[in-house]
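One structure below.
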Amino acid sequence: MILEGGHVKMNKKALSNIVANVLMIILIVVAMGILAANIFEIIKMPALSPENSCIQIQLDKIVKIERACYNQGTGNLEITLERKRSEISVNELKFILDGNSWNCNSNCENCEILSKGKTKTYYFSPNAKEVAIVINGCLIETRDVERC
């Protein structure tokens, strides 16, 4: 402020610097808020992590082998599975018979993944000595094949 002849005269250059600085601070605060909101959204999304970990699937034992036996009368290997009423979704069920695998998923026409709380028997033509069950890529159980 400058006094000239009893009148107060404002220094316009100083005032414009103050306004510019205040606007810059407001702009930075708004930009930081938008950036923080976007970062928190990205952090909340489990983009590359699995829906459920293998450890959780194995501990819950959502599917177990009730029976694995070779039926000499039909020549089929019969694998009976029981599924608990767990909220964990089963997207893929893989049978490993002596190292050979068969996948059961949504793309398979001949195979149906058993529903929650249900028991289902799967039939295979090759005989095997050992059966392993893999769910969503996690080994759940291995069992020796018996005679029916």
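Numbering starts fresh at 1 for the residues of each chain in the structure tokens, the chains themselves are lettered A, B, ... in the order given, and ligands are numbered from 1 as they appear.
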
* Mind listing the strand (DSSP E or B) residues of stretch 10-143 of chain A, per DSSP on the backbone, as an MDAnalysis selection string? => chainID A and resid 63:71 76:83 92:97 100:105 119:124 130:135 138:143

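Atom CA of A:Ile43 lies 24.4 Å from atom CA of A:Leu27.
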
Which residues of stretch 9-103 of chain A sit at most 7 Å from stretch 127-138 of chain A, using only C-alpha atoms? Give each one's shortest atom pair and distance in Å (one decimal place), in chain and ascending residue order, as a tab-separated table.
residue	atom	partner	partner_atom	distance
A:Cys54	CA	A:Cys138	CA	5.4
A:Tyr70	CA	A:Asn127	CA	6.7
A:Leu77	CA	A:Asn127	CA	5.8
A:Val90	CA	A:Asn136	CA	6.4
A:Asn91	CA	A:Asn136	CA	6.0
A:Glu92	CA	A:Asn136	CA	5.1
A:Leu93	CA	A:Ile135	CA	4.8
A:Lys94	CA	A:Val134	CA	4.9
A:Phe95	CA	A:Ile133	CA	5.1
A:Ile96	CA	A:Ala132	CA	4.9
A:Leu97	CA	A:Val131	CA	4.8
A:Asp98	CA	A:Glu130	CA	5.6

* Report the residues of stretch 56-126 of chain A whose backbone DSSP state falls under helix (DSSP H, G or I), written as a PyMOL selection string. => chain A and resi 56-60
